[in-house]
>>> print(open('query_30.pdb').read())   # PDB, C-alpha atoms and all ligand atoms
ATOM      1  CA  MET V   1       0.000   0.000   0.000  1.00  0.00           C
ATOM      2  CA  VAL V   2       1.360   3.401  -0.977  1.00  0.00           C
ATOM      3  CA  MET V   3       1.182   5.922   1.854  1.00  0.00           C
ATOM      4  CA  MET V   4       0.535   9.638   1.362  1.00  0.00           C
ATOM      5  CA  LEU V   5       0.835  12.294   4.044  1.00  0.00           C
ATOM      6  CA  VAL V   6      -0.859  15.679   3.790  1.00  0.00           C
ATOM      7  CA  VAL V   7       0.629  18.007   6.383  1.00  0.00           C
ATOM      8  CA  TYR V   8      -0.820  21.469   6.693  1.00  0.00           C
ATOM      9  CA  ASP V   9      -0.954  24.563   8.828  1.00  0.00           C
ATOM     10  CA  SER V  10      -4.095  26.661   9.084  1.00  0.00           C
ATOM     11  CA  ARG V  11      -5.119  29.418  11.444  1.00  0.00           C
ATOM     12  CA  THR V  12      -8.467  30.450   9.967  1.00  0.00           C
ATOM     13  CA  GLY V  13      -9.452  27.223   8.198  1.00  0.00           C
ATOM     14  CA  ASN V  14      -8.830  27.953   4.505  1.00  0.00           C
ATOM     15  CA  THR V  15      -5.778  25.744   4.135  1.00  0.00           C
ATOM     16  CA  GLU V  16      -7.434  23.037   6.214  1.00  0.00           C
ATOM     17  CA  LYS V  17     -10.400  22.953   3.802  1.00  0.00           C
ATOM     18  CA  ALA V  18      -7.965  22.659   0.900  1.00  0.00           C
ATOM     19  CA  ALA V  19      -6.051  19.878   2.703  1.00  0.00           C
ATOM     20  CA  LEU V  20      -9.210  17.799   3.193  1.00  0.00           C
ATOM     21  CA  LEU V  21     -10.126  18.166  -0.479  1.00  0.00           C
ATOM     22  CA  VAL V  22      -6.582  17.251  -1.555  1.00  0.00           C
ATOM     23  CA  ALA V  23      -6.981  14.093   0.558  1.00  0.00           C
ATOM     24  CA  GLU V  24     -10.289  13.313  -1.204  1.00  0.00           C
ATOM     25  CA  GLY V  25      -8.409  13.403  -4.501  1.00  0.00           C
ATOM     26  CA  ILE V  26      -5.643  11.179  -3.142  1.00  0.00           C
ATOM     27  CA  ARG V  27      -8.230   8.587  -2.107  1.00  0.00           C
ATOM     28  CA  ARG V  28      -9.400   8.355  -5.713  1.00  0.00           C
ATOM     29  CA  VAL V  29      -6.182   6.506  -6.515  1.00  0.00           C
ATOM     30  CA  LYS V  30      -6.396   2.747  -6.047  1.00  0.00           C
ATOM     31  CA  ASP V  31      -4.324   1.152  -3.274  1.00  0.00           C
ATOM     32  CA  VAL V  32      -3.190   4.482  -1.886  1.00  0.00           C
ATOM     33  CA  ASP V  33      -3.718   5.298   1.767  1.00  0.00           C
ATOM     34  CA  CYS V  34      -3.681   8.845   3.076  1.00  0.00           C
ATOM     35  CA  ALA V  35      -3.135  10.563   6.412  1.00  0.00           C
ATOM     36  CA  VAL V  36      -4.086  14.224   6.822  1.00  0.00           C
ATOM     37  CA  LYS V  37      -2.403  15.918   9.754  1.00  0.00           C
ATOM     38  CA  LYS V  38      -2.164  19.389  11.160  1.00  0.00           C
ATOM     39  CA  VAL V  39       1.469  20.413  11.474  1.00  0.00           C
ATOM     40  CA  ASP V  40       1.211  20.516  15.306  1.00  0.00           C
ATOM     41  CA  ASP V  41       0.442  16.773  15.308  1.00  0.00           C
ATOM     42  CA  VAL V  42       3.134  15.661  12.881  1.00  0.00           C
ATOM     43  CA  ILE V  43       6.169  13.774  14.112  1.00  0.00           C
ATOM     44  CA  LEU V  44       9.222  12.950  12.041  1.00  0.00           C
ATOM     45  CA  ASP V  45       8.173   9.298  11.876  1.00  0.00           C
ATOM     46  CA  ASP V  46       5.108  10.406   9.883  1.00  0.00           C
ATOM     47  CA  LEU V  47       7.437  11.847   7.252  1.00  0.00           C
ATOM     48  CA  LEU V  48       9.558   8.700   7.223  1.00  0.00           C
ATOM     49  CA  ARG V  49       6.536   6.425   6.819  1.00  0.00           C
ATOM     50  CA  ALA V  50       5.093   8.299   3.831  1.00  0.00           C
ATOM     51  CA  ASP V  51       5.955   7.567   0.198  1.00  0.00           C
ATOM     52  CA  GLY V  52       4.639  10.981  -0.811  1.00  0.00           C
ATOM     53  CA  ILE V  53       4.408  14.150   1.265  1.00  0.00           C
ATOM     54  CA  ILE V  54       2.178  17.107   0.369  1.00  0.00           C
ATOM     55  CA  VAL V  55       2.820  20.236   2.412  1.00  0.00           C
ATOM     56  CA  GLY V  56       0.168  22.947   2.716  1.00  0.00           C
ATOM     57  CA  SER V  57       0.679  26.366   4.234  1.00  0.00           C
ATOM     58  CA  PRO V  58      -1.120  29.676   4.307  1.00  0.00           C
ATOM     59  CA  THR V  59       0.794  32.380   2.486  1.00  0.00           C
ATOM     60  CA  TYR V  60       2.405  34.557   5.137  1.00  0.00           C
ATOM     61  CA  TYR V  61       4.303  37.537   3.735  1.00  0.00           C
ATOM     62  CA  GLY V  62       5.028  35.543   0.600  1.00  0.00           C
ATOM     63  CA  GLY V  63       6.440  32.547   2.433  1.00  0.00           C
ATOM     64  CA  MET V  64       5.415  29.497   4.418  1.00  0.00           C
ATOM     65  CA  SER V  65       4.083  29.819   7.963  1.00  0.00           C
ATOM     66  CA  ALA V  66       6.459  29.652  10.915  1.00  0.00           C
ATOM     67  CA  LYS V  67       5.017  26.291  11.989  1.00  0.00           C
ATOM     68  CA  ILE V  68       5.680  24.691   8.611  1.00  0.00           C
ATOM     69  CA  LYS V  69       9.186  26.178   8.633  1.00  0.00           C
ATOM     70  CA  ALA V  70       9.750  24.792  12.127  1.00  0.00           C
ATOM     71  CA  LEU V  71       8.797  21.291  10.965  1.00  0.00           C
ATOM     72  CA  ILE V  72      11.135  21.586   7.997  1.00  0.00           C
ATOM     73  CA  ASP V  73      13.954  22.755  10.242  1.00  0.00           C
ATOM     74  CA  GLU V  74      13.303  19.879  12.630  1.00  0.00           C
ATOM     75  CA  SER V  75      13.483  17.478   9.681  1.00  0.00           C
ATOM     76  CA  VAL V  76      17.246  18.058   9.528  1.00  0.00           C
ATOM     77  CA  LYS V  77      17.338  15.217  12.079  1.00  0.00           C
ATOM     78  CA  ILE V  78      16.239  12.845   9.294  1.00  0.00           C
ATOM     79  CA  HIS V  79      18.141  14.563   6.496  1.00  0.00           C
ATOM     80  CA  GLY V  80      18.881  12.094   3.691  1.00  0.00           C
ATOM     81  CA  LYS V  81      16.057   9.763   4.655  1.00  0.00           C
ATOM     82  CA  LEU V  82      13.381  11.486   2.573  1.00  0.00           C
ATOM     83  CA  GLU V  83      15.373  11.127  -0.636  1.00  0.00           C
ATOM     84  CA  GLY V  84      13.331   9.657  -3.485  1.00  0.00           C
ATOM     85  CA  LYS V  85       9.951  10.330  -1.926  1.00  0.00           C
ATOM     86  CA  VAL V  86       7.512  12.448  -3.922  1.00  0.00           C
ATOM     87  CA  GLY V  87       6.899  15.967  -2.622  1.00  0.00           C
ATOM     88  CA  ALA V  88       4.411  18.701  -3.462  1.00  0.00           C
ATOM     89  CA  ALA V  89       3.131  21.962  -2.025  1.00  0.00           C
ATOM     90  CA  PHE V  90      -0.110  23.916  -1.809  1.00  0.00           C
ATOM     91  CA  THR V  91      -1.108  27.226  -0.332  1.00  0.00           C
ATOM     92  CA  THR V  92      -4.077  29.475   0.263  1.00  0.00           C
ATOM     93  CA  SER V  93      -3.576  33.215   0.153  1.00  0.00           C
ATOM     94  CA  GLY V  94      -5.483  36.457   0.522  1.00  0.00           C
ATOM     95  CA  GLY V  95      -5.131  37.467  -3.111  1.00  0.00           C
ATOM     96  CA  THR V  96      -3.905  36.525  -6.556  1.00  0.00           C
ATOM     97  CA  ALA V  97      -0.223  37.141  -7.260  1.00  0.00           C
ATOM     98  CA  THR V  98       0.286  38.302  -3.680  1.00  0.00           C
ATOM     99  CA  GLY V  99       2.901  35.788  -2.620  1.00  0.00           C
ATOM    100  CA  ALA V 100       1.355  32.385  -3.321  1.00  0.00           C
ATOM    101  CA  GLU V 101       3.977  31.311  -5.828  1.00  0.00           C
ATOM    102  CA  THR V 102       6.898  32.361  -3.643  1.00  0.00           C
ATOM    103  CA  THR V 103       5.277  30.418  -0.804  1.00  0.00           C
ATOM    104  CA  LEU V 104       5.047  27.293  -2.950  1.00  0.00           C
ATOM    105  CA  LEU V 105       8.638  27.706  -4.068  1.00  0.00           C
ATOM    106  CA  SER V 106       9.862  28.212  -0.505  1.00  0.00           C
ATOM    107  CA  ILE V 107       8.372  24.827   0.423  1.00  0.00           C
ATOM    108  CA  LEU V 108       9.549  23.094  -2.749  1.00  0.00           C
ATOM    109  CA  GLN V 109      13.079  24.387  -2.147  1.00  0.00           C
ATOM    110  CA  ALA V 110      13.210  22.525   1.149  1.00  0.00           C
ATOM    111  CA  LEU V 111      11.735  19.371  -0.364  1.00  0.00           C
ATOM    112  CA  LEU V 112      14.348  19.461  -3.129  1.00  0.00           C
ATOM    113  CA  ILE V 113      17.129  19.899  -0.575  1.00  0.00           C
ATOM    114  CA  HIS V 114      15.805  16.739   1.033  1.00  0.00           C
ATOM    115  CA  GLY V 115      16.286  14.995  -2.322  1.00  0.00           C
ATOM    116  CA  MET V 116      12.600  14.557  -2.909  1.00  0.00           C
ATOM    117  CA  ILE V 117      10.990  14.248  -6.338  1.00  0.00           C
ATOM    118  CA  VAL V 118       8.945  17.306  -7.303  1.00  0.00           C
ATOM    119  CA  LYS V 119       6.860  17.484 -10.474  1.00  0.00           C
ATOM    120  CA  GLY V 120       5.792  20.707 -12.144  1.00  0.00           C
ATOM    121  CA  ASN V 121       2.612  21.214 -14.123  1.00  0.00           C
ATOM    122  CA  PRO V 122       3.031  22.540 -17.683  1.00  0.00           C
ATOM    123  CA  GLU V 123      -0.603  23.570 -18.029  1.00  0.00           C
ATOM    124  CA  ASP V 124      -1.591  25.658 -15.014  1.00  0.00           C
ATOM    125  CA  LYS V 125      -0.588  26.246 -11.388  1.00  0.00           C
ATOM    126  CA  HIS V 126       2.948  25.297 -12.419  1.00  0.00           C
ATOM    127  CA  TYR V 127       4.475  25.085  -8.945  1.00  0.00           C
ATOM    128  CA  GLY V 128       1.609  23.470  -7.067  1.00  0.00           C
ATOM    129  CA  LEU V 129      -1.892  24.251  -5.900  1.00  0.00           C
ATOM    130  CA  ALA V 130      -2.773  27.836  -4.992  1.00  0.00           C
ATOM    131  CA  ILE V 131      -6.238  28.871  -3.859  1.00  0.00           C
ATOM    132  CA  VAL V 132      -7.393  32.385  -3.005  1.00  0.00           C
ATOM    133  CA  GLY V 133      -9.177  32.222   0.346  1.00  0.00           C
ATOM    134  CA  ALA V 134     -11.071  29.010   1.014  1.00  0.00           C
ATOM    135  CA  PRO V 135     -11.875  26.557  -1.773  1.00  0.00           C
ATOM    136  CA  GLU V 136     -15.621  27.295  -1.915  1.00  0.00           C
ATOM    137  CA  SER V 137     -16.454  27.159  -5.623  1.00  0.00           C
ATOM    138  CA  GLU V 138     -16.909  23.785  -7.248  1.00  0.00           C
ATOM    139  CA  GLU V 139     -14.064  24.714  -9.594  1.00  0.00           C
ATOM    140  CA  ASP V 140     -11.626  25.344  -6.728  1.00  0.00           C
ATOM    141  CA  LYS V 141     -12.760  22.210  -4.908  1.00  0.00           C
ATOM    142  CA  GLU V 142     -12.108  20.107  -7.973  1.00  0.00           C
ATOM    143  CA  LEU V 143      -8.700  21.764  -8.449  1.00  0.00           C
ATOM    144  CA  CYS V 144      -7.793  20.584  -4.936  1.00  0.00           C
ATOM    145  CA  ARG V 145      -9.009  17.045  -5.577  1.00  0.00           C
ATOM    146  CA  GLU V 146      -7.283  16.904  -8.964  1.00  0.00           C
ATOM    147  CA  PHE V 147      -4.011  18.075  -7.381  1.00  0.00           C
ATOM    148  CA  GLY V 148      -4.176  15.336  -4.730  1.00  0.00           C
ATOM    149  CA  PHE V 149      -5.045  12.739  -7.355  1.00  0.00           C
ATOM    150  CA  THR V 150      -2.120  13.731  -9.595  1.00  0.00           C
ATOM    151  CA  VAL V 151       0.488  13.675  -6.825  1.00  0.00           C
ATOM    152  CA  ALA V 152      -0.808  10.378  -5.441  1.00  0.00           C
ATOM    153  CA  ASN V 153      -0.835   8.846  -8.902  1.00  0.00           C
ATOM    154  CA  LEU V 154       2.786   9.851  -9.444  1.00  0.00           C
ATOM    155  CA  THR V 155       3.744   8.514  -6.016  1.00  0.00           C
ATOM    156  CA  SER V 156       2.034   5.231  -6.780  1.00  0.00           C
ATOM    157  CA  LYS V 157       3.935   4.918 -10.062  1.00  0.00           C
ATOM    158  CA  ILE V 158       7.294   5.836  -8.551  1.00  0.00           C
ATOM    159  CA  SER V 159       7.169   3.865  -5.346  1.00  0.00           C
ATOM    160  CA  GLY V 160       5.230   0.968  -6.855  1.00  0.00           C
ATOM    161  CA  ASN V 161       2.381  -0.531  -4.953  1.00  0.00           C
ATOM    162  CA  LYS V 162       3.787  -2.535  -2.073  1.00  0.00           C
TER     163      LYS V 162
HETATM  164  C1  LIG V 201       0.525  36.880   9.233  1.00  0.00           C
HETATM  165  C2  LIG V 201      -0.221  36.833   7.937  1.00  0.00           C
HETATM  166  C3  LIG V 201       0.433  37.134   6.770  1.00  0.00           C
HETATM  167  C4  LIG V 201      -0.223  37.060   5.548  1.00  0.00           C
HETATM  168  N1  LIG V 201       0.450  37.368   4.408  1.00  0.00           N
HETATM  169  C5  LIG V 201      -0.177  37.266   3.206  1.00  0.00           C
HETATM  170  C6  LIG V 201       0.522  37.558   1.984  1.00  0.00           C
HETATM  171  O1  LIG V 201       1.692  37.900   1.961  1.00  0.00           O
HETATM  172  N2  LIG V 201      -0.165  37.430   0.821  1.00  0.00           N
HETATM  173  C7  LIG V 201      -1.482  37.022   0.781  1.00  0.00           C
HETATM  174  O2  LIG V 201      -2.059  36.922  -0.290  1.00  0.00           O
HETATM  175  N3  LIG V 201      -2.159  36.744   1.921  1.00  0.00           N
HETATM  176  C8  LIG V 201      -1.542  36.844   3.128  1.00  0.00           C
HETATM  177  N4  LIG V 201      -2.217  36.534   4.278  1.00  0.00           N
HETATM  178  C9  LIG V 201      -3.580  35.978   4.161  1.00  0.00           C
HETATM  179  C10 LIG V 201      -3.580  34.456   4.273  1.00  0.00           C
HETATM  180  O3  LIG V 201      -2.601  33.877   3.441  1.00  0.00           O
HETATM  181  C11 LIG V 201      -4.926  33.861   3.856  1.00  0.00           C
HETATM  182  O4  LIG V 201      -5.976  34.443   4.573  1.00  0.00           O
HETATM  183  C12 LIG V 201      -4.923  32.350   4.047  1.00  0.00           C
HETATM  184  O5  LIG V 201      -5.962  31.780   3.288  1.00  0.00           O
HETATM  185  C13 LIG V 201      -5.080  31.954   5.502  1.00  0.00           C
HETATM  186  O6  LIG V 201      -5.059  30.573   5.593  1.00  0.00           O
HETATM  187  P1  LIG V 201      -5.736  29.807   6.815  1.00  0.00           P
HETATM  188  O7  LIG V 201      -7.211  30.150   6.810  1.00  0.00           O
HETATM  189  O8  LIG V 201      -5.518  28.356   6.499  1.00  0.00           O
HETATM  190  O9  LIG V 201      -5.066  30.233   8.072  1.00  0.00           O
HETATM  191  C14 LIG V 201      -1.583  36.640   5.504  1.00  0.00           C
HETATM  192  C15 LIG V 201      -2.246  36.347   6.705  1.00  0.00           C
HETATM  193  C16 LIG V 201      -1.582  36.441   7.905  1.00  0.00           C
HETATM  194  C17 LIG V 201      -2.310  36.089   9.186  1.00  0.00           C
END
>>> encode(input="query_30.pdb", output="structure tokens")
Amino acid sequence: MVMMLVVYDSRTGNTEKAALLVAEGIRRVKDVDCAVKKVDDVILDDLLRADGIIVGSPTYYGGMSAKIKALIDESVKIHGKLEGKVGAAFTTSGGTATGAETTLLSILQALLIHGMIVKGNPEDKHYGLAIVGAPESEEDKELCREFGFTVANLTSKISGNK
């Protein structure tokens, strides 16, 4: 069974709503299991157990939240052990082109330093999923699900179903 972890931070609920929808999309992939955890509840073992890790953060001044950064900094204790896992990032922000992309890139940078496999999207939302506010419209909800599905599908292909 391929294992996905969605780890997210959320103060006012927008990123949490996105995280739950991303997980719905992940569960559309056969033989893939998924844990969705708030960053406060994540331990390093959760990262080690997952074949694919999707990190979600609110956009704070064009970067990830302090709690997500703290988890990434703590992950230095397992540096080298996340190599080859699939990684992806999503964010919710207050506006369009107000720091969402830099937030995604700040997360992806860390995942790449860990040696994780990150896939871009040539069509839209090139760096990952970005939602303005909460995903309320059916279009935004489906974007979240589609994002989860795509990352889980890639993880399943790369890590092979065990
Ligand atoms: C400290 C702080 C900094 C923020 N900085 C930005 C920003 O740079 N750009 C932006 O578009 N929104 C910014 N926002 C708005 C949040 O990114 C947005 O409301 C987000 O959806 C909140 O996610 P949450 O509901 O999961 O906590 C900021 C909010 C806070 C509290």
>>> residues_around(input="query_30.pdb", residues="segment 67-74 of chain V", least_positions_apart="2", cutoff="7 Å", atoms="all atoms listed in the file", output="ChimeraX atom specification")
/V:9,39,57,64-65,76-77
>>> axis_aligned_box(input="query_30.pdb", around="ligand LIG 201 (chain V)", padding_each_side="8 Å", output="JSON")
{"center_x": -2.8, "center_y": 33.1, "center_z": 4.5, "size_x": 24.9, "size_y": 25.5, "size_z": 25.5}
>>> residues_near_ligand(input="query_30.pdb", ligand="ligand LIG 201 (chain V)", cutoff="9 Å", atoms="all atoms listed in the file", output="number ranges by chain")
V: 8-18, 56-63, 65, 91-100, 103, 131-134
>>> resolve_selection(input="query_30.pdb", expression="the PyMOL selection byres (((chain V and resi 106-109) around 7) and not hetatm)", output="list of chain:residue names")
V:Gly63, V:Met64, V:Ala88, V:Ala89, V:Thr102, V:Thr103, V:Leu104, V:Leu105, V:Ala110, V:Leu111, V:Leu112, V:Ile113
>>> atom_distance(input="query_30.pdb", atom1="atom CA of Asn153 of chain V", atom2="atom CA of Lys81 of chain V")
21.7 Å
>>> atom_distance(input="query_30.pdb", atom1="atom CA of Met3 of chain V", atom2="atom CA of Val55 of chain V")
14.4 Å
>>> closest_residue(input="query_30.pdb", among="V:Val22, V:Ala66, V:Lys141, V:Val7", to="Lys38 of chain V", atoms="only C-alpha atoms")
V:Val7
>>> atom_distance(input="query_30.pdb", atom1="atom CA of Ser137 of chain V", atom2="atom CA of Phe90 of chain V")
17.1 Å
>>> decode(input="query_30.pdb", residues="segment 129-155 of chain V", atoms="C-alpha atoms", output="PDB file, in the first residue's frame")
ATOM      1  CA  LEU V 129      -1.892  24.251  -5.900  1.00  0.00           C
ATOM      2  CA  ALA V 130      -2.773  27.836  -4.992  1.00  0.00           C
ATOM      3  CA  ILE V 131      -6.238  28.871  -3.859  1.00  0.00           C
ATOM      4  CA  VAL V 132      -7.393  32.385  -3.005  1.00  0.00           C
ATOM      5  CA  GLY V 133      -9.177  32.222   0.346  1.00  0.00           C
ATOM      6  CA  ALA V 134     -11.071  29.010   1.014  1.00  0.00           C
ATOM      7  CA  PRO V 135     -11.875  26.557  -1.773  1.00  0.00           C
ATOM      8  CA  GLU V 136     -15.621  27.295  -1.915  1.00  0.00           C
ATOM      9  CA  SER V 137     -16.454  27.159  -5.623  1.00  0.00           C
ATOM     10  CA  GLU V 138     -16.909  23.785  -7.248  1.00  0.00           C
ATOM     11  CA  GLU V 139     -14.064  24.714  -9.594  1.00  0.00           C
ATOM     12  CA  ASP V 140     -11.626  25.344  -6.728  1.00  0.00           C
ATOM     13  CA  LYS V 141     -12.760  22.210  -4.908  1.00  0.00           C
ATOM     14  CA  GLU V 142     -12.108  20.107  -7.973  1.00  0.00           C
ATOM     15  CA  LEU V 143      -8.700  21.764  -8.449  1.00  0.00           C
ATOM     16  CA  CYS V 144      -7.793  20.584  -4.936  1.00  0.00           C
ATOM     17  CA  ARG V 145      -9.009  17.045  -5.577  1.00  0.00           C
ATOM     18  CA  GLU V 146      -7.283  16.904  -8.964  1.00  0.00           C
ATOM     19  CA  PHE V 147      -4.011  18.075  -7.381  1.00  0.00           C
ATOM     20  CA  GLY V 148      -4.176  15.336  -4.730  1.00  0.00           C
ATOM     21  CA  PHE V 149      -5.045  12.739  -7.355  1.00  0.00           C
ATOM     22  CA  THR V 150      -2.120  13.731  -9.595  1.00  0.00           C
ATOM     23  CA  VAL V 151       0.488  13.675  -6.825  1.00  0.00           C
ATOM     24  CA  ALA V 152      -0.808  10.378  -5.441  1.00  0.00           C
ATOM     25  CA  ASN V 153      -0.835   8.846  -8.902  1.00  0.00           C
ATOM     26  CA  LEU V 154       2.786   9.851  -9.444  1.00  0.00           C
ATOM     27  CA  THR V 155       3.744   8.514  -6.016  1.00  0.00           C
TER      28      THR V 155
END
